[in-house]
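Below is one structure, written out as structure tokens, with a few remarks after it.
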Amino acid sequence: MSSVINISVAAIWSLLEQVTDPEVPVLSVIDLGIVRDVQLRGDDGVEVTITPTYSGCPAMDVISMQIRMLLLEQGFKEVVVKQVLSPAWTTGWMSEAGRQKLLAYGIAPPNQVQQVCRQELFAPHEAVACPQCGSYHTRLVSEFGSTACKSLYQCNDCHEPFDYFKCH
Amino acid sequence: MYQPVNTQAANLVNYLLHLGDNALILSQRNSEWCGHGPVLEQDIAITNISLDLIGQARSFYQYAASLEGGDATEDSLAYLRGERTYLNCLMNELPNGDWGQTIMRQFFFSVYQQLLYNALLQSRDETVAAIAEKSLKEVTYHVRWSSEWVIRLGDGTDESHARMEKALNMLWSYTGEFFMPAGYETAAVAEGIGADVAALQQRWMEQVAAVLQEATLPVPVAGKTWMQSGGKEGKHSEHLGFLLAEMQYLQRAYPGATW
């Protein structure tokens, strides 16, 4: 069905670049890969499907509200933001642009191929480059960091502590 | 327990409440460590685990509320039920004790939860399977973190070893309840929705024993301890009422308050 509002689905995807993660404001919801689908509904409706990074991520409610506000401003009357859990979000869905923005922001982006996302105990830590000096001579301080999606590392060369967007 | 006319729906609602309550009550207990953890990084770790568990509880409550209908919401299910309608296992409501006891409980529960969610991936109910799929990634971190700390502390100093052994002895008689199915669990299994918890016990025991051995802690002999039960049927220890009194205070004192 065609919409009376003159915005294409592709244009909505681009608009959603304006919605950022309140906890990592350099990343848009598109960079994060949490927008899974956009569908026009009837004459003036739109449904956006998003998936949480972690079950308890408090940013999801804010993100849902921001998406709703943005689309209402565009003239949509019926805006539905639907959350789905399956397939479960993975760091593999983060865009390359998102990785670069994270790095510039001082957070180590998820490795392209994540080496340590398994169950064994005391496994070798994932080799993560320091976002400040680029050294791989870094160590894991804690698998749990400032938000659910990050772990805490420290660089052994420049000694700077940093967050790593952890394997998920 | 919630008992509407349709018993099939009631069983599923109770099953979801049980899964949600296990997560919420342990999360509330763990959150008591916020600002009190032994070191900053582990304080953050245990509260991150709390956050994951709250998220999982929300998913189960949202689904339960949608089935229950009427005025039920995830918030009313968390804030407006009394202790007799909470269906969590007794272990999760026990006071934290020292850090060692908190770690040991998290370890016992996370290993159980990982096996449970793995089994629930096969659930015929798509929502239950999706919640399990989402949560499993989080629980994998909890299992690894708690296992490593049981080993570090058990195989640590004389003091940490003694405390872990005490925690093990204190908590062991609460582990059996995980594997004793309540009526709504048996019904959920019959429907192809739930997981057969009794069938998880042996693998749980093997995984727990391997970590305890590495931690130089004694491995309790299966079947030799009288096991506590009742929580899954709403018969709780005296501790749950105090926990709920604190958690629910605001909504009880100021019904419907929002901010």
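By order in the structure tokens, chains are A, B, ...; within a chain, residues start at 1; ligands start at 1, following the order shown.
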
DSSP on the backbone: what in region 101-238 of chain B comes out helix (DSSP H, G or I), as a ChimeraX atom specification? /B:101-120,126-154,158-174,176-179,183-190,197-214,231-233

Residue hits in chain A, query chain B, radius 6 Å, only C-alpha atoms, as JSON, numbers by chain: {"A": [55, 56, 85, 86, 88, 121, 144]}

If you count only C-alpha atoms, which residues fall within 8 Å of region 122-136 of chain A, apart from same-chain ones fewer than 5 positions away, as a VMD selection string? (chain A and resid 103 to 104 106 to 108 111 114 to 116 154 to 155 157 to 158 160 162 164) or (chain B and resid 148)

Residues from last step as file, C-alpha atoms, as an mmCIF file, in the first residue's frame:
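Ended up saving to again_7.cif:
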```
data_model
loop_
_atom_site.group_PDB
_atom_site.id
_atom_site.type_symbol
_atom_site.label_atom_id
_atom_site.label_comp_id
_atom_site.auth_asym_id
_atom_site.auth_seq_id
_atom_site.Cartn_x
_atom_site.Cartn_y
_atom_site.Cartn_z
ATOM 1 C CA LEU A 103 37.596 4.001 17.597
ATOM 2 C CA ALA A 104 37.704 7.773 17.141
ATOM 3 C CA GLY A 106 38.179 6.101 22.314
ATOM 4 C CA ILE A 107 36.292 2.812 22.563
ATOM 5 C CA ALA A 108 37.879 -0.247 20.976
ATOM 6 C CA ASN A 111 37.086 -7.254 16.381
ATOM 7 C CA GLN A 114 36.062 -12.297 17.536
ATOM 8 C CA GLN A 115 38.447 -14.820 18.921
ATOM 9 C CA VAL A 116 37.031 -15.377 22.384
ATOM 10 C CA GLN A 154 44.101 -1.493 29.949
ATOM 11 C CA CYS A 155 46.989 -0.775 27.601
ATOM 12 C CA ASP A 157 52.250 0.416 26.724
ATOM 13 C CA CYS A 158 50.497 3.770 27.175
ATOM 14 C CA GLU A 160 45.475 4.074 29.334
ATOM 15 C CA PHE A 162 39.751 1.730 27.813
ATOM 16 C CA TYR A 164 36.101 -2.668 24.461
ATOM 17 C CA GLU B 148 36.456 -18.483 37.569
#
```

Env of Gln28 (chain B): 8 Å cut, atoms = only C-alpha atoms, seq-sep filter 3 positions within chain, self excluded. Answer as number ranges by chain. B: 24-25, 31-32, 50, 243, 247

Pick out the residues sitting within 12 Å of Pro25 (chain A), and hand them over as a PyMOL selection string; count only C-alpha atoms, and ignore anything fewer than 3 positions along from it in its own chain. chain A and resi 17-22+28-29+31-32+59+63+98+101-102+105+107

Grab the CA of Lys166 (chain A) to CA of Thr90 (chain A) distance for me, in Å with one decimal place.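 Value for the CA of Lys166 (chain A)-CA of Thr90 (chain A) distance: 9.9 Å.
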
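For the residues A:Asp61, A:Glu78, A:Glu23, A:Glu96, ranking by smallest atom-to-atom distance to Gly45 (chain A) using only C-alpha atoms places A:Glu78 first.
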
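Atom pair CA of Ala182 (chain B) / CA of Arg84 (chain B): separated by 14.6 Å.
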
Could you list, as an MDAnalysis selection string, every residue within 8 Å of Trp13 (chain A), counting only C-alpha atoms and ignoring same-chain residues fewer than 3 positions away? chainID A and resid 9:10 16:17 30 38

Same residues, C-alpha atoms, output as a PDB file, in the first residue's frame:
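Generated file (out34.pdb):
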```pdb
ATOM      1  CA  VAL A   9      11.474   3.167   3.245  1.00  0.00           C
ATOM      2  CA  ALA A  10      15.045   3.881   2.168  1.00  0.00           C
ATOM      3  CA  LEU A  16      17.207   6.763  11.543  1.00  0.00           C
ATOM      4  CA  GLU A  17      20.917   7.653  11.320  1.00  0.00           C
ATOM      5  CA  ILE A  30      21.914   1.991  12.238  1.00  0.00           C
ATOM      6  CA  VAL A  38      11.136  -0.756   8.489  1.00  0.00           C
TER       7      VAL A  38
END
```

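Counting from CA of Thr225 (chain B), the distance to CA of Met205 (chain B) is 13.6 Å.
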
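Taking only C-alpha atoms into account, Tyr79 (chain B) lies nearest to B:Asp21 out of the set B:Glu185, B:Asp21, B:Glu238, B:Glu233.
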
Pick the closest to Leu212 (chain B) from B:Gly192, B:Pro181, B:Pro255, B:Gly154: which is it, counting only C-alpha atoms?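 Ranking B:Gly192, B:Pro181, B:Pro255, B:Gly154 by distance to Leu212 (chain B), first place goes to B:Gly154.
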
Excluding Cys57 (chain A) and any residue of its chain fewer than 4 positions from it, enumerate the residues within 7 Å of it, using only C-alpha atoms, and give them as a ChimeraX atom specification. /A:52-53,148

Keeping only C-alpha atoms, take the residues you just selected and write them out as a JSON list (two decimals), in the first residue's frame.
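As written to disk, part_2.json reads:
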```json
[["chain", "number", "residue", "atom", "x", "y", "z"],
["A", 52, "PRO", "CA", 18.11, -4.97, 22.07],
["A", 53, "THR", "CA", 21.86, -5.40, 22.41],
["A", 148, "ALA", "CA", 26.44, -4.20, 29.54]]
```

Using only C-alpha atoms, can you tell me which of B:Val219, B:Leu12, B:Ala65, B:Met227 comes closest to Ala188 (chain B)?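 Of all the options, B:Leu12 lies closest to Ala188 (chain B).
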
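Taking the backbone of this structure through DSSP, the residues of region 42-151 of chain A that come out as strand (DSSP E or B) are Gly45, Val46, Glu47, Val48, Thr49, Ile50, Glu78, Val79, Val80, Val81, Lys82, Gln83, Ala108, Thr138, Arg139, Leu140, Val141, Ser142, Lys150 and Ser151 of chain A.
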
Selected residues written out, C-alpha atoms, as a short mmCIF file (atom, residue, chain, number, x, y, z; two decimals), in the first residue's frame:
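Output contents, as saved in again.cif:
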```
data_model
loop_
_atom_site.label_atom_id
_atom_site.label_comp_id
_atom_site.auth_asym_id
_atom_site.auth_seq_id
_atom_site.Cartn_x
_atom_site.Cartn_y
_atom_site.Cartn_z
CA GLY A 45 1.67 4.49 9.56
CA VAL A 46 5.13 3.04 9.95
CA GLU A 47 6.51 0.10 11.91
CA VAL A 48 10.15 -0.06 12.95
CA THR A 49 11.52 -3.31 14.34
CA ILE A 50 14.47 -3.08 16.69
CA GLU A 78 0.73 5.65 13.61
CA VAL A 79 4.25 4.84 14.70
CA VAL A 80 4.90 1.38 16.06
CA VAL A 81 8.33 0.51 17.44
CA LYS A 82 8.40 -3.25 17.87
CA GLN A 83 11.11 -5.11 19.79
CA ALA A 108 37.88 -0.25 20.98
CA THR A 138 46.82 -4.81 26.29
CA ARG A 139 45.14 -6.77 29.05
CA LEU A 140 41.59 -7.53 30.12
CA VAL A 141 40.74 -5.93 33.47
CA SER A 142 37.11 -7.10 33.64
CA LYS A 150 31.52 -3.38 27.03
CA SER A 151 34.44 -4.92 28.87
#
```

Given the choices B:Gly230, B:Gly35, B:Gly69, B:Gly100, which gets closest to Glu159 (chain B) if the distance is worked out from only C-alpha atoms?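 Smallest separation from Glu159 (chain B) among the options: B:Gly100.
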